[in-house]
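Okay, structure first, notes after.
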Amino acid sequence: MQLNAFVRALDDQLQAKKFHDYCPNGLQVEGRAEVNRIVTGVTASEALIDAAIAFNADAILVHHGYFWKGERPEVTGMKRRRLAKLLAHDISLLAYHLPLDAHPVLGNNAQLALRLGLLRNGPLFPDDARAVGDVGELASPLSATDFSAHIERVLQRKPLHIAGSDKPISRVAWCTGGAQGFIDQAIALGVDAYLSGEISEQTVHAARESGLHYWALGHHASERYGVQALGDWCAKELGLTHQFIDIDNPA
Ligand SMILES: [Zn+2]
C-alpha cells in the first residue's frame with residue numbers, strides 16, 4: 001500500500017491527533033512510497049534499524065520514536081547514526097507514544113491486562129480523559145507470592161516487588177512504562193496493588209507506607225505488547241507482512 005495511506009490508517013485507528021504528547025505521533029521519518037513489509041519494536045534503536053534492514057522492511061513502527069520535547073536538536077552521534085541508516089535504506093519510521101498506551105484494544109495497557117488476566121473496570125484517572133492507566137481486578141484473588149510468580153511466568157522476566165499488606169490481592173491498577181509516579185493515584189483509589197514499568201526511590205516509601213503492593217515490571221517488558229498488537233492489526237486489516245523484533249532491554 002502507499003505510505004500516506006498506511007500513515008492515515010494508523011493515525012485514524014489510534015486517534016493520534018487527539019493526544020497532546022511529548023513527541024510527534026505518526027510519520028517521523030519518511031521512506032519509500034510503497035509499504036509492504038513492516039517491523040515493529042518498542043524503541044527505534046540502532047539495533048532495531050539493523051534488524052529491519054535485514055528483514056527488508058519498508059517501514060518501522062515503534063512506541064518510542066525520536067524528537068522528544070527537550071531533546072537536543074542537533075543531528076549528531078547516536079541520532080545521526082540512526083537517521084543515516086533509515087535514510088540510506090529508504091525506511092520510514094512511524095512512532096505512536098500516548099495513543100498506543102491508551103488504545104482500548106491494541107494499547108500497551110489493554111494488552112498488558114489481557115496477558116496478565118486483569119479485568120478492566122475503568123480509568124486510573126476518572127476525571128482526566130487525556131490521562132492513561134487503568135483500574136480493574138484479578139479474576140480471582142491471589143497472594144502476593146502467587147501474583148509475582150504469575151507476572152514472571154507471563155512476562156518471562158522477574159518483576160521487582162515492594163510488598164504491601166498481607167491480604168489477598170484483588171483490586172489492581174496499572175500503567176505501563178515510566179508511570180511509577182501514578183502510585184499516588186492508585187493509593188487514592190484504594191486498590192490492593194499497582195503495576196508499572198519503572199521504579200524510583202520514593203515509590204518504595206509510597207508503597208510501604210500505604211500498604212499497597214507495587215510491581216515494577218520493567219519499562220520495556222511492560223510495553224512490548226501494544227506495538228506487537230498494532231503490527232498484527234496491520235497484517236490482518238491492511239495486508240502487510242509484519243515482524244515484531246524484541247531488542248531486549250533490562251530496564
Ligand atoms: Zn514508554
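Simple scheme: letters A, B, ... for chains in C-alpha cells order, numbers from 1 for residues in each chain, numbers from 1 for ligands in the order shown.
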
Env. residues ligand 1 / 10 Å / only C-alpha atoms and all ligand atoms / as a list of chain:residue names: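 Those within range of ligand 1 are A:Val42, A:Thr43, A:His63, A:His64, A:Gly65, A:His97, A:Leu98, A:Leu100, A:Asp101, A:Asn108, A:Thr176, A:Gly177, A:Gly178, A:Ala179, A:Gly197, A:Glu198, A:Gly218, A:His219, A:His220, A:Ala221, A:Ser222, A:Glu223, A:Arg224.
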
Spatial neighbours of Val62 (chain A), 10 Å, only C-alpha atoms, chain gap at least 2 places, as a PyMOL selection string: chain A and resi 26+39-45+48+59-60+64-66+93-97+100+224+226-228+230-231+244

Pick from A:Ala193, A:Ile49, A:Ala5, A:Cys175, whichever lies nearest to Ala88 (chain A) using only C-alpha atoms: A:Ile49

Å distance separating CA of Trp174 (chain A) from CA of Tyr194 (chain A), one decimal place: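 Those two atoms sit 5.5 Å apart.
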
Helix (DSSP H, G or I) call set, DSSP backbone run, region 35-222 of chain A, as a ChimeraX atom specification: /A:46-54,77-88,98-102,108-116,144-155,180-189,201-210,219-222

Give me a file of those residues, with C-alpha atoms, as a CSV table (one decimal), in the first residue's frame.
chain,number,residue,atom,x,y,z
A,46,GLU,CA,20.1,1.3,16.0
A,47,ALA,CA,19.8,-2.4,16.7
A,48,LEU,CA,16.1,-2.4,15.7
A,49,ILE,CA,17.0,-0.5,12.5
A,50,ASP,CA,19.7,-3.0,11.7
A,51,ALA,CA,17.2,-5.8,12.2
A,52,ALA,CA,14.7,-4.0,10.0
A,53,ILE,CA,17.3,-3.6,7.2
A,54,ALA,CA,18.0,-7.4,7.4
A,77,GLY,CA,26.3,11.0,17.4
A,78,MET,CA,23.6,8.3,18.1
A,79,LYS,CA,20.9,10.4,16.4
A,80,ARG,CA,23.0,10.9,13.3
A,81,ARG,CA,23.8,7.2,13.0
A,82,ARG,CA,20.1,6.1,13.4
A,83,LEU,CA,18.8,8.7,10.9
A,84,ALA,CA,21.6,8.0,8.5
A,85,LYS,CA,20.7,4.3,8.3
A,86,LEU,CA,17.0,5.0,7.9
A,87,LEU,CA,17.6,7.5,5.1
A,88,ALA,CA,20.2,5.4,3.4
A,98,LEU,CA,0.5,8.1,24.2
A,99,PRO,CA,-2.0,7.0,21.5
A,100,LEU,CA,-0.5,3.5,21.8
A,101,ASP,CA,-0.6,3.5,25.6
A,102,ALA,CA,-4.2,4.4,25.6
A,108,ASN,CA,0.0,-1.2,25.9
A,109,ASN,CA,-2.3,-1.1,28.9
A,110,ALA,CA,-5.0,-3.1,27.3
A,111,GLN,CA,-2.6,-5.7,26.0
A,112,LEU,CA,-0.7,-6.0,29.3
A,113,ALA,CA,-4.0,-6.5,31.1
A,114,LEU,CA,-5.0,-9.2,28.5
A,115,ARG,CA,-1.8,-11.1,29.1
A,116,LEU,CA,-1.9,-10.8,32.9
A,144,ALA,CA,1.4,-11.5,46.6
A,145,THR,CA,3.7,-14.5,46.1
A,146,ASP,CA,1.4,-16.2,43.6
A,147,PHE,CA,0.7,-13.0,41.7
A,148,SER,CA,4.5,-12.3,41.5
A,149,ALA,CA,5.1,-15.8,40.1
A,150,HIS,CA,2.2,-15.3,37.6
A,151,ILE,CA,3.8,-12.0,36.4
A,152,GLU,CA,7.2,-13.6,36.0
A,153,ARG,CA,5.7,-16.5,34.0
A,154,VAL,CA,3.7,-14.3,31.7
A,155,LEU,CA,6.4,-11.6,31.0
A,180,GLN,CA,5.6,4.9,38.8
A,181,GLY,CA,4.6,8.4,39.9
A,182,PHE,CA,0.9,7.5,39.4
A,183,ILE,CA,1.2,5.3,42.5
A,184,ASP,CA,-0.3,8.2,44.5
A,185,GLN,CA,-3.4,8.0,42.4
A,186,ALA,CA,-3.5,4.2,42.9
A,187,ILE,CA,-3.3,4.7,46.6
A,188,ALA,CA,-6.0,7.3,46.5
A,189,LEU,CA,-8.3,4.8,44.7
A,201,GLU,CA,13.4,5.7,45.3
A,202,GLN,CA,10.2,7.3,46.6
A,203,THR,CA,8.0,4.7,45.0
A,204,VAL,CA,9.2,2.2,47.6
A,205,HIS,CA,8.2,4.5,50.5
A,206,ALA,CA,4.9,5.3,49.0
A,207,ALA,CA,4.1,1.6,48.7
A,208,ARG,CA,5.4,0.6,52.1
A,209,GLU,CA,3.7,3.4,53.9
A,210,SER,CA,0.3,2.9,52.3
A,219,HIS,CA,9.6,-0.3,31.2
A,220,HIS,CA,10.5,-2.3,28.2
A,221,ALA,CA,8.8,-5.5,29.4
A,222,SER,CA,5.6,-3.7,30.1

Residues within 8 Å of Val135 (chain A), only C-alpha atoms, excluding chain neighbours under 5 positions, as a list in words: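 These residues fall inside the cut-off: Arg120, Asn121, Gly122, Pro123, Leu124, Arg171, Val172, Ala173 and Trp174 of chain A.
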